[in-house]
Structures are given as structure tokens and as C-alpha cells.
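Chemist: Here it is, the structure in full.
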Amino acid sequence: MLTDPDTFGTDAAPAEAGQVPSVFLKAGQDRRISAGHPWAYSNEVSIDRAAGIEAGTLVTLRRVDGKPLGVGFFNPHTLIAVRLLSREPHAHIDKAFLANRLQRALALRERFYTEPYYRLVHAEADGLPGLIVDRFGSVLVVQTNAAGMERLQPLLLDAIDSLLAPTAIVLRGDSQARALEGLPAETTVARGNLSDAVEVIEDGLVFYADVCAGQKTGWYFDQRPNRAFVAPLAQGERMLDVFCHTGGFAIRAAAAGAREVIGVDSSDSALMLAKRAATAAGLDRRCSFAREDAFAALTRFAADGTRFRLVVADPPPFARSRKDVPSALKGYRKLARLAAAVVEPGGFLFIASCSHAVEASAFAREVALGIGRTGRTGRLIRESGAGPDHPQHLHLPETAYLKTLLLQVD
Ligand code: SAH
């Protein structure tokens, strides 16, 4: 049992030997959690009764009358005060517990993927709140985004070692969520050594990910099924991938037979990896990658008359929080307008939003308005999101952050 006696403040609920301290909900605040929701918000817990319990401490969450609802970790400084790990009130959160959850997450991925390249752990949906693990063969990239998960990290790394014996484990510490949780922003290699980008194999193609410093964990596993779906649409034709990152959509389109592929991104290091992957696949003669602002590139192509059978626009999140939503919506409208303008008649636009705070319906509306501004019309072919390695917790629909639209533009 993981308890730290130093964290029991004098005002904290008394904890018997071998027990974790308790955090009590206020009267009437248990219904949502009893129905399956995994979080208690700070305004729902009795902060007075939790005085002295430090951020990251394992606690038993209790109803006001003392009835236990489960074990989770507590953070007195964040909007989400308790994240439940188990609804079993006497659950021992130890290496075996974590190994069990990891094993379940692994078994799910192994149903869908024949090769070990995927998001292995997707936080709450895999019963491991505040934890992301991406798997690049024998290299694992771990992101802990909650103080409680950070405390469990030594046990977690042991559990990962026992289950997968990775050659390297990278601890990525640069997420925005860590700052909110009061965690340091450092990235370290916790096991093994890494001197170069790591390989990612996706449907037979080799890509390269900078797992220590690249965007997110170095590779966007979430778009994999969408890349597979749209790649063949430019067969024999020209394709444009703005915000191309390390070349996922672009190179897959070239491999599927696109005659000419142009990738545009603002990051030199991402573009270098894209070029490396194109060369490795023998597709470099059909692919060109250039550093340019995506909006500027679209405007330039619109002006010089270059048109594409397929345009992919998969930008970084335009809204980092709720207050950014109005400007993000304008951004999506503008992006859809500029991107649709360079789609040849009858061609395709694939556009994505990974902004958590932007709802799918609002995104679709802005995209339709943007296309309308070009004086053109078309049809929605497919609305989608992330792949099966990014499951959603049943009670956290807002964690379905990726929204994608495939449209045909007349
Ligand atoms: N589609 C990619 C992921 C895109 S991530 C894939 O499947 O792998 C978003 C990318 O947008 C990042 O690589 C980032 O460097 C780039 N970016 C951010 N702002 C940009 C801008 N204004 N113009 C061009 N690229 C930009």
C-alpha cells in the first residue's frame, strides 16, 4: 500500500495503519461519480476536511456520510480534485495493480494492431488517469499529467519493465497539464539511451519520430486511420499537406500513388524527419517539403493557380482553453476557406481540429461556412476522430479531442 505518513496533516481525516487518508464529498455531490464519472471537482469536495493532504496523495473518496466510493489521487490545487483509479474502496495501488491495467491496455491494442506502434495508454479510458504512454516498438514515451501519477511513476516504470522490457523509456515532461498540476517541465530518458529519432512503422511504411523533442510524443498516432482513409484519394494526382509535421499524410499519399506531394510546416526539425522518411521509402522524387506558414502557402497557391486533388489541413490546436474558442472558430473558418480554394473541382479536403474545447458540431459549422465563402459547395463524406488506440472514457466524452472531416469540393 502506498501511503506516506508525512502527508497526513493534523486536520486530515484519521487514517488507520495501512489505510490511505480520506477526502469527503460535500452533501449531495456523489451522484455523478456513483454513476461512473471518474473525477471529483474541487467545488464538490470538502476542502476543510482534506487540509494537510498534499498534491498527489492516494486517498479514499467518500460520500459525506463516510461511504467509500473508491481510491484515487488528490490534488488540492487543481480544478479536478480527485481522479479515481479504482472503485474498489480497499484497492491496493501497487505495482501489480498498475501492471494489470497496463496488461489490459496492451491486450486491447494487440486486437487492433499487428505491430507494436500505437498509443498504449490513453489515460482515464485505460483506467490510468493522467497517464499517456506511446509505444514505438521497444521505445516507450511516457507522459504523466497528474501529480498522483507522477508519485506512482517508480512503480509504473517497474510495471512497464516487467511487461514489455523496453530498451528505452522517455519521460516527456513538457505538457501544459503538468504545469497546472505543479509538476516540473523536464524531459528525461529514464531507461536506456537514445541518440537518434526512433522508427515508427505504419502500414508498412517507415517514419521517424523525435520522441524527446518532437511535437506531442513525436508522432501523431491518433490520425493513423484517417491517413489510411485519405491517402489513396490523390492517386495519379497532386496532393498538398499543410501542417505536415513529419510527413504522415504526405508520404502515405505518395506511397498510395500520388503523382506529386507538397508538404508545408513551420518546423524545420519535423520537415527533416519527413524528408528522411520520403527518402527511405524511395518517394523523395515525388515529395517536396518546405518550411512555410500554412496560411501563407495556401494564399500563394490560390494566387498562382496551383490546384490539388487532395488537401490535408491538420493544424495544431487553435484553442488551448475555453476562452480561446471564439478565435479558434474563426481560425477554422479561415483555414477551410483558404484550403478549399486550392482544391480542384471534384477534389477532396481533409480538415481536422484537435482543440479539446471546440465541439464537433461547431467545428463542422465553421468549415461549412469557410467553404461557402469561396462560393463553392460540396459534400461531407466522412466525419471521424482518433483511432482505436485512443479510446474514450464512457463518462468523459470531452476527451474525444480529435474531430476530422473529409469533404468533396465541387
Ligand atoms: N498532420 C500531422 C500532424 C500535424 S501537427 C501528422 O499526421 O503527423 C501540427 C503541425 O503544425 C506541427 O508540425 C507544427 O510544426 C505545425 N505548425 C504550427 N503552426 C504552423 C503554421 N502556422 N504553419 C505551418 N505549420 C505550422
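Chain identifiers are assigned as A, B, and so on, following the order in which chains appear in the C-alpha cells; residues are numbered from 1 within each chain, and ligands are numbered from 1 in order of appearance.
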Can I get the residues close to ligand 1 as a PDB file with N, CA, C and O atoms, in the first residue's frame, where close means within 9 Å and we count only C-alpha atoms and all ligand atoms?
Modeler:
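selection_19.pdb was written with the following content:
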ATOM      1  N   GLY A 214      10.169  16.242 -30.281  1.00  0.00           N
ATOM      2  CA  GLY A 214       9.156  16.491 -31.312  1.00  0.00           C
ATOM      3  C   GLY A 214       7.813  16.885 -30.690  1.00  0.00           C
ATOM      4  O   GLY A 214       7.623  16.775 -29.484  1.00  0.00           O
ATOM      5  N   GLN A 215       6.887  17.330 -31.544  1.00  0.00           N
ATOM      6  CA  GLN A 215       5.548  17.689 -31.068  1.00  0.00           C
ATOM      7  C   GLN A 215       4.892  16.495 -30.366  1.00  0.00           C
ATOM      8  O   GLN A 215       5.077  15.364 -30.787  1.00  0.00           O
ATOM      9  N   LYS A 216       4.118  16.767 -29.352  1.00  0.00           N
ATOM     10  CA  LYS A 216       3.465  15.720 -28.552  1.00  0.00           C
ATOM     11  C   LYS A 216       4.500  14.678 -28.116  1.00  0.00           C
ATOM     12  O   LYS A 216       5.457  15.022 -27.442  1.00  0.00           O
ATOM     13  N   GLY A 218       6.151  12.968 -30.424  1.00  0.00           N
ATOM     14  CA  GLY A 218       6.990  12.784 -31.608  1.00  0.00           C
ATOM     15  C   GLY A 218       6.218  12.237 -32.803  1.00  0.00           C
ATOM     16  O   GLY A 218       6.684  12.317 -33.930  1.00  0.00           O
ATOM     17  N   TRP A 219       5.058  11.677 -32.566  1.00  0.00           N
ATOM     18  CA  TRP A 219       4.282  11.092 -33.674  1.00  0.00           C
ATOM     19  C   TRP A 219       2.797  11.184 -33.329  1.00  0.00           C
ATOM     20  O   TRP A 219       2.419  11.030 -32.161  1.00  0.00           O
ATOM     21  N   TYR A 220       1.979  11.431 -34.342  1.00  0.00           N
ATOM     22  CA  TYR A 220       0.535  11.545 -34.133  1.00  0.00           C
ATOM     23  C   TYR A 220      -0.129  10.212 -34.460  1.00  0.00           C
ATOM     24  O   TYR A 220      -0.631  10.006 -35.564  1.00  0.00           O
ATOM     25  N   PHE A 221      -0.115   9.326 -33.481  1.00  0.00           N
ATOM     26  CA  PHE A 221      -0.774   8.034 -33.689  1.00  0.00           C
ATOM     27  C   PHE A 221      -2.271   8.213 -33.952  1.00  0.00           C
ATOM     28  O   PHE A 221      -2.891   7.393 -34.617  1.00  0.00           O
ATOM     29  N   ASP A 222      -2.840   9.295 -33.405  1.00  0.00           N
ATOM     30  CA  ASP A 222      -4.306   9.452 -33.480  1.00  0.00           C
ATOM     31  C   ASP A 222      -4.839   9.501 -34.909  1.00  0.00           C
ATOM     32  O   ASP A 222      -5.948   9.054 -35.178  1.00  0.00           O
ATOM     33  N   GLN A 223      -4.044  10.031 -35.851  1.00  0.00           N
ATOM     34  CA  GLN A 223      -4.544  10.204 -37.222  1.00  0.00           C
ATOM     35  C   GLN A 223      -4.343   8.975 -38.106  1.00  0.00           C
ATOM     36  O   GLN A 223      -4.675   9.001 -39.295  1.00  0.00           O
ATOM     37  N   ARG A 224      -3.829   7.921 -37.548  1.00  0.00           N
ATOM     38  CA  ARG A 224      -3.485   6.774 -38.391  1.00  0.00           C
ATOM     39  C   ARG A 224      -4.637   6.285 -39.288  1.00  0.00           C
ATOM     40  O   ARG A 224      -4.467   6.167 -40.512  1.00  0.00           O
ATOM     41  N   ASN A 226      -7.174   7.834 -40.319  1.00  0.00           N
ATOM     42  CA  ASN A 226      -7.542   8.889 -41.275  1.00  0.00           C
ATOM     43  C   ASN A 226      -6.507   8.984 -42.386  1.00  0.00           C
ATOM     44  O   ASN A 226      -6.843   9.214 -43.543  1.00  0.00           O
ATOM     45  N   ARG A 227      -5.238   8.802 -42.011  1.00  0.00           N
ATOM     46  CA  ARG A 227      -4.198   8.794 -43.057  1.00  0.00           C
ATOM     47  C   ARG A 227      -4.466   7.654 -44.035  1.00  0.00           C
ATOM     48  O   ARG A 227      -4.383   7.828 -45.250  1.00  0.00           O
ATOM     49  N   ASP A 241      -0.208  18.872 -48.267  1.00  0.00           N
ATOM     50  CA  ASP A 241      -0.362  18.602 -46.835  1.00  0.00           C
ATOM     51  C   ASP A 241       0.186  19.812 -46.082  1.00  0.00           C
ATOM     52  O   ASP A 241       1.400  19.982 -45.958  1.00  0.00           O
ATOM     53  N   VAL A 242      -0.734  20.689 -45.640  1.00  0.00           N
ATOM     54  CA  VAL A 242      -0.252  21.823 -44.840  1.00  0.00           C
ATOM     55  C   VAL A 242      -0.277  21.392 -43.371  1.00  0.00           C
ATOM     56  O   VAL A 242      -1.131  20.619 -42.979  1.00  0.00           O
ATOM     57  N   PHE A 243       0.624  21.886 -42.573  1.00  0.00           N
ATOM     58  CA  PHE A 243       0.857  21.394 -41.200  1.00  0.00           C
ATOM     59  C   PHE A 243       1.267  19.914 -41.284  1.00  0.00           C
ATOM     60  O   PHE A 243       0.710  19.056 -40.610  1.00  0.00           O
ATOM     61  N   CYS A 244       2.240  19.631 -42.148  1.00  0.00           N
ATOM     62  CA  CYS A 244       2.533  18.217 -42.468  1.00  0.00           C
ATOM     63  C   CYS A 244       3.340  17.509 -41.396  1.00  0.00           C
ATOM     64  O   CYS A 244       3.481  16.279 -41.431  1.00  0.00           O
ATOM     65  N   HIS A 245       3.946  18.266 -40.440  1.00  0.00           N
ATOM     66  CA  HIS A 245       4.755  17.662 -39.390  1.00  0.00           C
ATOM     67  C   HIS A 245       5.805  16.737 -40.005  1.00  0.00           C
ATOM     68  O   HIS A 245       6.513  17.151 -40.921  1.00  0.00           O
ATOM     69  N   THR A 246       5.881  15.478 -39.577  1.00  0.00           N
ATOM     70  CA  THR A 246       6.942  14.585 -40.067  1.00  0.00           C
ATOM     71  C   THR A 246       6.510  13.791 -41.307  1.00  0.00           C
ATOM     72  O   THR A 246       7.140  12.792 -41.653  1.00  0.00           O
ATOM     73  N   GLY A 247       5.433  14.247 -41.951  1.00  0.00           N
ATOM     74  CA  GLY A 247       5.109  13.714 -43.269  1.00  0.00           C
ATOM     75  C   GLY A 247       4.090  12.590 -43.317  1.00  0.00           C
ATOM     76  O   GLY A 247       3.933  11.947 -44.363  1.00  0.00           O
ATOM     77  N   GLY A 248       3.395  12.352 -42.222  1.00  0.00           N
ATOM     78  CA  GLY A 248       2.470  11.220 -42.167  1.00  0.00           C
ATOM     79  C   GLY A 248       1.494  11.162 -43.334  1.00  0.00           C
ATOM     80  O   GLY A 248       1.497  10.198 -44.121  1.00  0.00           O
ATOM     81  N   PHE A 249       0.669  12.185 -43.498  1.00  0.00           N
ATOM     82  CA  PHE A 249      -0.326  12.171 -44.575  1.00  0.00           C
ATOM     83  C   PHE A 249       0.358  12.239 -45.944  1.00  0.00           C
ATOM     84  O   PHE A 249      -0.040  11.539 -46.885  1.00  0.00           O
ATOM     85  N   ALA A 250       1.365  13.113 -46.042  1.00  0.00           N
ATOM     86  CA  ALA A 250       2.001  13.366 -47.344  1.00  0.00           C
ATOM     87  C   ALA A 250       2.630  12.090 -47.898  1.00  0.00           C
ATOM     88  O   ALA A 250       2.392  11.715 -49.055  1.00  0.00           O
ATOM     89  N   VAL A 264       4.022  21.198 -46.181  1.00  0.00           N
ATOM     90  CA  VAL A 264       4.402  22.510 -45.649  1.00  0.00           C
ATOM     91  C   VAL A 264       4.274  22.467 -44.130  1.00  0.00           C
ATOM     92  O   VAL A 264       3.270  21.976 -43.602  1.00  0.00           O
ATOM     93  N   ASP A 265       5.281  22.964 -43.446  1.00  0.00           N
ATOM     94  CA  ASP A 265       5.217  23.034 -41.984  1.00  0.00           C
ATOM     95  C   ASP A 265       6.133  24.164 -41.523  1.00  0.00           C
ATOM     96  O   ASP A 265       7.017  24.591 -42.257  1.00  0.00           O
ATOM     97  N   SER A 266       5.901  24.622 -40.286  1.00  0.00           N
ATOM     98  CA  SER A 266       6.748  25.708 -39.767  1.00  0.00           C
ATOM     99  C   SER A 266       7.961  25.167 -39.021  1.00  0.00           C
ATOM    100  O   SER A 266       8.793  25.945 -38.570  1.00  0.00           O
ATOM    101  N   SER A 267       8.051  23.855 -38.846  1.00  0.00           N
ATOM    102  CA  SER A 267       9.137  23.293 -38.043  1.00  0.00           C
ATOM    103  C   SER A 267      10.186  22.615 -38.919  1.00  0.00           C
ATOM    104  O   SER A 267       9.917  21.606 -39.571  1.00  0.00           O
ATOM    105  N   ASP A 268      11.404  23.171 -38.886  1.00  0.00           N
ATOM    106  CA  ASP A 268      12.500  22.579 -39.665  1.00  0.00           C
ATOM    107  C   ASP A 268      12.792  21.157 -39.218  1.00  0.00           C
ATOM    108  O   ASP A 268      13.058  20.283 -40.051  1.00  0.00           O
ATOM    109  N   SER A 269      12.768  20.934 -37.907  1.00  0.00           N
ATOM    110  CA  SER A 269      13.152  19.597 -37.430  1.00  0.00           C
ATOM    111  C   SER A 269      12.114  18.560 -37.859  1.00  0.00           C
ATOM    112  O   SER A 269      12.476  17.431 -38.229  1.00  0.00           O
ATOM    113  N   ALA A 270      10.821  18.935 -37.862  1.00  0.00           N
ATOM    114  CA  ALA A 270       9.798  17.992 -38.332  1.00  0.00           C
ATOM    115  C   ALA A 270       9.992  17.723 -39.828  1.00  0.00           C
ATOM    116  O   ALA A 270       9.906  16.574 -40.282  1.00  0.00           O
ATOM    117  N   LEU A 271      10.280  18.776 -40.593  1.00  0.00           N
ATOM    118  CA  LEU A 271      10.447  18.617 -42.043  1.00  0.00           C
ATOM    119  C   LEU A 271      11.639  17.726 -42.379  1.00  0.00           C
ATOM    120  O   LEU A 271      11.597  16.945 -43.335  1.00  0.00           O
ATOM    121  N   ARG A 291       9.558  24.720 -45.532  1.00  0.00           N
ATOM    122  CA  ARG A 291       9.151  25.469 -44.350  1.00  0.00           C
ATOM    123  C   ARG A 291       8.405  26.720 -44.796  1.00  0.00           C
ATOM    124  O   ARG A 291       8.929  27.547 -45.534  1.00  0.00           O
ATOM    125  N   GLU A 292       7.187  26.827 -44.360  1.00  0.00           N
ATOM    126  CA  GLU A 292       6.383  27.999 -44.697  1.00  0.00           C
ATOM    127  C   GLU A 292       5.178  28.028 -43.767  1.00  0.00           C
ATOM    128  O   GLU A 292       4.726  26.986 -43.285  1.00  0.00           O
ATOM    129  N   ASP A 293       4.661  29.226 -43.545  1.00  0.00           N
ATOM    130  CA  ASP A 293       3.423  29.321 -42.789  1.00  0.00           C
ATOM    131  C   ASP A 293       2.293  28.722 -43.652  1.00  0.00           C
ATOM    132  O   ASP A 293       2.186  29.024 -44.850  1.00  0.00           O
ATOM    133  N   ALA A 294       1.471  27.901 -43.049  1.00  0.00           N
ATOM    134  CA  ALA A 294       0.437  27.194 -43.811  1.00  0.00           C
ATOM    135  C   ALA A 294      -0.538  28.176 -44.480  1.00  0.00           C
ATOM    136  O   ALA A 294      -0.911  27.978 -45.650  1.00  0.00           O
ATOM    137  N   PHE A 295      -0.930  29.198 -43.762  1.00  0.00           N
ATOM    138  CA  PHE A 295      -1.893  30.160 -44.323  1.00  0.00           C
ATOM    139  C   PHE A 295      -1.257  30.898 -45.510  1.00  0.00           C
ATOM    140  O   PHE A 295      -1.909  31.143 -46.532  1.00  0.00           O
ATOM    141  N   ALA A 296       0.040  31.220 -45.361  1.00  0.00           N
ATOM    142  CA  ALA A 296       0.742  31.921 -46.449  1.00  0.00           C
ATOM    143  C   ALA A 296       0.852  31.013 -47.679  1.00  0.00           C
ATOM    144  O   ALA A 296       0.648  31.462 -48.814  1.00  0.00           O
ATOM    145  N   ALA A 297       1.152  29.739 -47.438  1.00  0.00           N
ATOM    146  CA  ALA A 297       1.304  28.810 -48.565  1.00  0.00           C
ATOM    147  C   ALA A 297      -0.031  28.668 -49.305  1.00  0.00           C
ATOM    148  O   ALA A 297      -0.070  28.692 -50.546  1.00  0.00           O
ATOM    149  N   VAL A 312      -4.828  18.304 -47.321  1.00  0.00           N
ATOM    150  CA  VAL A 312      -4.937  17.903 -45.910  1.00  0.00           C
ATOM    151  C   VAL A 312      -4.517  19.083 -45.055  1.00  0.00           C
ATOM    152  O   VAL A 312      -3.443  19.670 -45.278  1.00  0.00           O
ATOM    153  N   ALA A 313      -5.368  19.449 -44.113  1.00  0.00           N
ATOM    154  CA  ALA A 313      -5.048  20.561 -43.204  1.00  0.00           C
ATOM    155  C   ALA A 313      -5.304  20.091 -41.773  1.00  0.00           C
ATOM    156  O   ALA A 313      -6.444  20.034 -41.317  1.00  0.00           O
ATOM    157  N   ASP A 314      -4.236  19.729 -41.103  1.00  0.00           N
ATOM    158  CA  ASP A 314      -4.333  19.154 -39.750  1.00  0.00           C
ATOM    159  C   ASP A 314      -3.498  20.029 -38.803  1.00  0.00           C
ATOM    160  O   ASP A 314      -2.359  19.692 -38.475  1.00  0.00           O
ATOM    161  N   PRO A 315      -4.074  21.164 -38.403  1.00  0.00           N
ATOM    162  CA  PRO A 315      -3.273  22.154 -37.666  1.00  0.00           C
ATOM    163  C   PRO A 315      -3.102  21.809 -36.189  1.00  0.00           C
ATOM    164  O   PRO A 315      -3.788  20.923 -35.673  1.00  0.00           O
ATOM    165  N   PRO A 316      -2.207  22.519 -35.492  1.00  0.00           N
ATOM    166  CA  PRO A 316      -2.121  22.368 -34.038  1.00  0.00           C
ATOM    167  C   PRO A 316      -3.398  22.916 -33.405  1.00  0.00           C
ATOM    168  O   PRO A 316      -4.195  23.558 -34.091  1.00  0.00           O
ATOM    169  N   PRO A 317      -3.644  22.667 -32.122  1.00  0.00           N
ATOM    170  CA  PRO A 317      -4.890  23.178 -31.513  1.00  0.00           C
ATOM    171  C   PRO A 317      -4.958  24.697 -31.596  1.00  0.00           C
ATOM    172  O   PRO A 317      -4.006  25.375 -31.230  1.00  0.00           O
ATOM    173  N   ALA A 352      -8.924  18.957 -39.916  1.00  0.00           N
ATOM    174  CA  ALA A 352      -9.015  18.395 -38.563  1.00  0.00           C
ATOM    175  C   ALA A 352      -8.911  19.478 -37.507  1.00  0.00           C
ATOM    176  O   ALA A 352      -8.309  20.534 -37.727  1.00  0.00           O
TER     177      ALA A 352
END
Chemist: Could the residues of stretch 110-155 of chain A that have an atom at most 12 Å from stretch 98-104 of chain A be listed as JSON lines, each with its closest atom pair and the distance in Å to one decimal, counting only C-alpha atoms and ordered by chain and ascending residue number?
Modeler:
{"residue": "A:Glu110", "atom": "CA", "partner": "A:Arg104", "partner_atom": "CA", "distance": 9.9}
{"residue": "A:Arg111", "atom": "CA", "partner": "A:Arg104", "partner_atom": "CA", "distance": 11.1}
{"residue": "A:Arg119", "atom": "CA", "partner": "A:Leu102", "partner_atom": "CA", "distance": 11.7}
{"residue": "A:Leu120", "atom": "CA", "partner": "A:Leu102", "partner_atom": "CA", "distance": 8.0}
{"residue": "A:Val121", "atom": "CA", "partner": "A:Leu102", "partner_atom": "CA", "distance": 7.3}
{"residue": "A:His122", "atom": "CA", "partner": "A:Leu102", "partner_atom": "CA", "distance": 10.5}
{"residue": "A:Ala123", "atom": "CA", "partner": "A:Arg101", "partner_atom": "CA", "distance": 10.7}
{"residue": "A:Glu124", "atom": "CA", "partner": "A:Arg101", "partner_atom": "CA", "distance": 10.9}
{"residue": "A:Ala125", "atom": "CA", "partner": "A:Arg101", "partner_atom": "CA", "distance": 10.6}
{"residue": "A:Asp126", "atom": "CA", "partner": "A:Arg101", "partner_atom": "CA", "distance": 7.0}
{"residue": "A:Gly127", "atom": "CA", "partner": "A:Arg101", "partner_atom": "CA", "distance": 6.5}
{"residue": "A:Leu128", "atom": "CA", "partner": "A:Arg101", "partner_atom": "CA", "distance": 7.2}
{"residue": "A:Pro129", "atom": "CA", "partner": "A:Arg101", "partner_atom": "CA", "distance": 11.0}
{"residue": "A:Leu131", "atom": "CA", "partner": "A:Leu102", "partner_atom": "CA", "distance": 10.8}
{"residue": "A:Ile132", "atom": "CA", "partner": "A:Leu102", "partner_atom": "CA", "distance": 11.1}
{"residue": "A:Val133", "atom": "CA", "partner": "A:Leu102", "partner_atom": "CA", "distance": 9.7}
{"residue": "A:Met149", "atom": "CA", "partner": "A:Leu98", "partner_atom": "CA", "distance": 10.6}
{"residue": "A:Leu152", "atom": "CA", "partner": "A:Leu98", "partner_atom": "CA", "distance": 9.0}
{"residue": "A:Gln153", "atom": "CA", "partner": "A:Leu98", "partner_atom": "CA", "distance": 10.1}
{"residue": "A:Pro154", "atom": "CA", "partner": "A:Leu98", "partner_atom": "CA", "distance": 11.0}
{"residue": "A:Leu155", "atom": "CA", "partner": "A:Leu98", "partner_atom": "CA", "distance": 7.7}
Chemist: Which residue, A:Ala256, A:Lys330, A:Phe308, A:Val343, has the smallest gap to A:Arg365 when you use only C-alpha atoms?
Modeler: A:Lys330
Chemist: What does the structure give for the distance between atom CA of A:Ala328 and atom CA of A:Gly263, in Å to one decimal?
Modeler: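 So the two atoms, atom CA of A:Ala328 and atom CA of A:Gly263, lie 23.0 Å apart.
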Chemist: Could you pull the residues within 9 Å of A:Ala360, counting only C-alpha atoms, minus those fewer than 6 positions along the same chain, as a PyMOL selection string?
Modeler: chain A and resi 353+401-404
Chemist: Write out the residues from the selection above, keeping all heavy atoms, as a JSON list (two decimals), in the first residue's frame.
Modeler:
[["chain", "number", "residue", "atom", "x", "y", "z"],
["A", 353, "SER", "N", -9.50, 19.19, -36.35],
["A", 353, "SER", "CA", -9.32, 20.03, -35.17],
["A", 353, "SER", "C", -8.97, 19.14, -34.00],
["A", 353, "SER", "O", -9.68, 18.17, -33.72],
["A", 353, "SER", "CB", -10.61, 20.79, -34.84],
["A", 353, "SER", "OG", -10.55, 21.26, -33.50],
["A", 401, "TYR", "N", -10.94, 14.47, -28.30],
["A", 401, "TYR", "CA", -10.48, 15.80, -28.75],
["A", 401, "TYR", "C", -10.37, 15.92, -30.27],
["A", 401, "TYR", "O", -10.52, 17.00, -30.82],
["A", 401, "TYR", "CB", -9.11, 16.11, -28.11],
["A", 401, "TYR", "CG", -8.06, 15.14, -28.56],
["A", 401, "TYR", "CD1", -7.21, 15.45, -29.60],
["A", 401, "TYR", "CD2", -7.97, 13.88, -27.99],
["A", 401, "TYR", "CE1", -6.28, 14.53, -30.06],
["A", 401, "TYR", "CE2", -7.05, 12.95, -28.44],
["A", 401, "TYR", "CZ", -6.21, 13.29, -29.47],
["A", 401, "TYR", "OH", -5.30, 12.38, -29.94],
["A", 402, "LEU", "N", -10.11, 14.81, -30.96],
["A", 402, "LEU", "CA", -9.83, 14.92, -32.40],
["A", 402, "LEU", "C", -11.12, 14.81, -33.22],
["A", 402, "LEU", "O", -11.88, 13.86, -33.07],
["A", 402, "LEU", "CB", -8.84, 13.83, -32.84],
["A", 402, "LEU", "CG", -8.40, 13.91, -34.30],
["A", 402, "LEU", "CD1", -7.59, 15.18, -34.58],
["A", 402, "LEU", "CD2", -7.58, 12.68, -34.71],
["A", 403, "LYS", "N", -11.32, 15.83, -34.04],
["A", 403, "LYS", "CA", -12.50, 15.85, -34.91],
["A", 403, "LYS", "C", -12.00, 16.03, -36.33],
["A", 403, "LYS", "O", -11.21, 16.93, -36.60],
["A", 403, "LYS", "CB", -13.39, 17.06, -34.55],
["A", 403, "LYS", "CG", -13.89, 17.01, -33.12],
["A", 403, "LYS", "CD", -14.19, 18.37, -32.54],
["A", 403, "LYS", "CE", -12.96, 19.13, -32.14],
["A", 403, "LYS", "NZ", -12.37, 18.78, -30.84],
["A", 404, "THR", "N", -12.43, 15.16, -37.23],
["A", 404, "THR", "CA", -11.94, 15.29, -38.60],
["A", 404, "THR", "C", -13.11, 15.22, -39.59],
["A", 404, "THR", "O", -14.10, 14.54, -39.35],
["A", 404, "THR", "CB", -10.93, 14.17, -38.95],
["A", 404, "THR", "OG1", -11.62, 12.93, -39.06],
["A", 404, "THR", "CG2", -9.85, 14.04, -37.89]]
Chemist: What is the atom CA of A:Ser361-atom CA of A:Asp389 distance in Å, reported with one decimal?
Modeler: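 Separating atom CA of A:Ser361 from atom CA of A:Asp389 is a distance of 23.4 Å.
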Chemist: Pick from A:Ser288, A:Asn145, A:Thr279, A:Ser34: nearest to A:Tyr208, with only C-alpha atoms counted?
Modeler: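 Residue with the minimum atom-to-atom distance to A:Tyr208: A:Thr279.
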Chemist: Identify which of the residues A:Leu310, A:Leu84, A:Leu108, A:Ala368 lies closest to A:Ala146, counting only C-alpha atoms when measuring atom-to-atom distances.
Modeler: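 So, comparing all the options, the nearest one is A:Leu84.
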Chemist: Grab the atom CA of A:Phe74 to atom CA of A:Gly36 distance for me, in Å with one decimal place.
Modeler: 17.8 Å
Chemist: Just checking: using only C-alpha atoms, which residue out of A:Ala277, A:Ile262, A:Glu237, A:Val141 ends up closest to A:Glu199?
Modeler: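 With only C-alpha atoms as the atom set, the closest residue is A:Ala277.
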Chemist: Which one is closest to A:Leu157: A:Ser86, A:Gln392, A:Ser384, A:Gln143? Count only C-alpha atoms.
Modeler: A:Gln143
Chemist: Taking only stretch 113-296 of chain A into account, list the residues labelled alpha helix (DSSP H) by DSSP (computed from the backbone), as a PyMOL selection string.
Modeler: chain A and resi 147-151+153-164+176-180+224-230+248-255+268-280+294-296
Chemist: Those same residues - C-alpha atoms - I'd like them written as a short mmCIF file (atom, residue, chain, number, x, y, z; two decimals), in the first residue's frame.
Modeler:
data_model
loop_
_atom_site.label_atom_id
_atom_site.label_comp_id
_atom_site.auth_asym_id
_atom_site.auth_seq_id
_atom_site.Cartn_x
_atom_site.Cartn_y
_atom_site.Cartn_z
CA ALA A 147 0.68 14.81 -9.56
CA GLY A 148 -0.69 11.48 -8.32
CA MET A 149 0.53 9.61 -11.37
CA GLU A 150 3.93 11.27 -11.01
CA ARG A 151 4.21 9.81 -7.49
CA GLN A 153 5.99 6.69 -11.58
CA PRO A 154 8.68 4.45 -9.99
CA LEU A 155 6.13 1.63 -9.61
CA LEU A 156 4.79 2.29 -13.06
CA LEU A 157 8.23 2.09 -14.67
CA ASP A 158 8.85 -1.21 -12.88
CA ALA A 159 5.50 -2.50 -14.12
CA ILE A 160 6.34 -1.40 -17.67
CA ASP A 161 9.75 -3.08 -17.45
CA SER A 162 8.21 -6.36 -16.32
CA LEU A 163 5.55 -6.31 -19.01
CA LEU A 164 7.43 -5.07 -22.08
CA GLN A 176 0.63 22.08 -20.49
CA ALA A 177 -1.26 19.93 -17.99
CA ARG A 178 1.88 19.31 -15.92
CA ALA A 179 2.27 22.99 -15.13
CA LEU A 180 -1.32 23.10 -13.82
CA ARG A 224 -3.48 6.77 -38.39
CA PRO A 225 -6.87 5.52 -39.65
CA ASN A 226 -7.54 8.89 -41.27
CA ARG A 227 -4.20 8.79 -43.06
CA ALA A 228 -5.08 5.34 -44.36
CA PHE A 229 -8.50 6.53 -45.49
CA VAL A 230 -7.45 9.66 -47.37
CA GLY A 248 2.47 11.22 -42.17
CA PHE A 249 -0.33 12.17 -44.58
CA ALA A 250 2.00 13.37 -47.34
CA ILE A 251 4.16 10.27 -47.57
CA ARG A 252 1.23 7.92 -47.26
CA ALA A 253 -0.43 9.72 -50.16
CA ALA A 254 2.76 9.40 -52.23
CA ALA A 255 3.02 5.71 -51.33
CA ASP A 268 12.50 22.58 -39.67
CA SER A 269 13.15 19.60 -37.43
CA ALA A 270 9.80 17.99 -38.33
CA LEU A 271 10.45 18.62 -42.04
CA MET A 272 13.87 16.98 -41.81
CA LEU A 273 12.26 13.81 -40.50
CA ALA A 274 9.63 13.97 -43.24
CA LYS A 275 12.37 14.17 -45.89
CA ARG A 276 14.20 11.29 -44.27
CA ALA A 277 11.08 9.12 -44.39
CA ALA A 278 10.37 10.05 -48.02
CA THR A 279 13.93 9.11 -48.96
CA ALA A 280 13.78 5.84 -47.01
CA ALA A 294 0.44 27.19 -43.81
CA PHE A 295 -1.89 30.16 -44.32
CA ALA A 296 0.74 31.92 -46.45
#
Chemist: Quick one: everything within 8 Å of A:Pro76, counting only C-alpha atoms, minus sequence neighbours fewer than 3 positions away in the same chain. Send it as number ranges by chain.
Modeler: A: 42, 47, 53-55, 81
Chemist: Would you list, as a PyMOL selection string, the residues of stretch 196-393 of chain A that end up in strand (DSSP E or B) under DSSP run on this structure's backbone?
Modeler: chain A and resi 198-202+205-209+235+238-242+258+260-265+287-291+308-313+343-353+378-384
Chemist: Out of A:Val139, A:Val358, A:Leu106, A:Ala190, which residue has the shortest atom-to-atom distance to A:Thr399 when counting only C-alpha atoms?
Modeler: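 Of A:Val139, A:Val358, A:Leu106, A:Ala190, the one nearest A:Thr399, counting only C-alpha atoms, is A:Val358.
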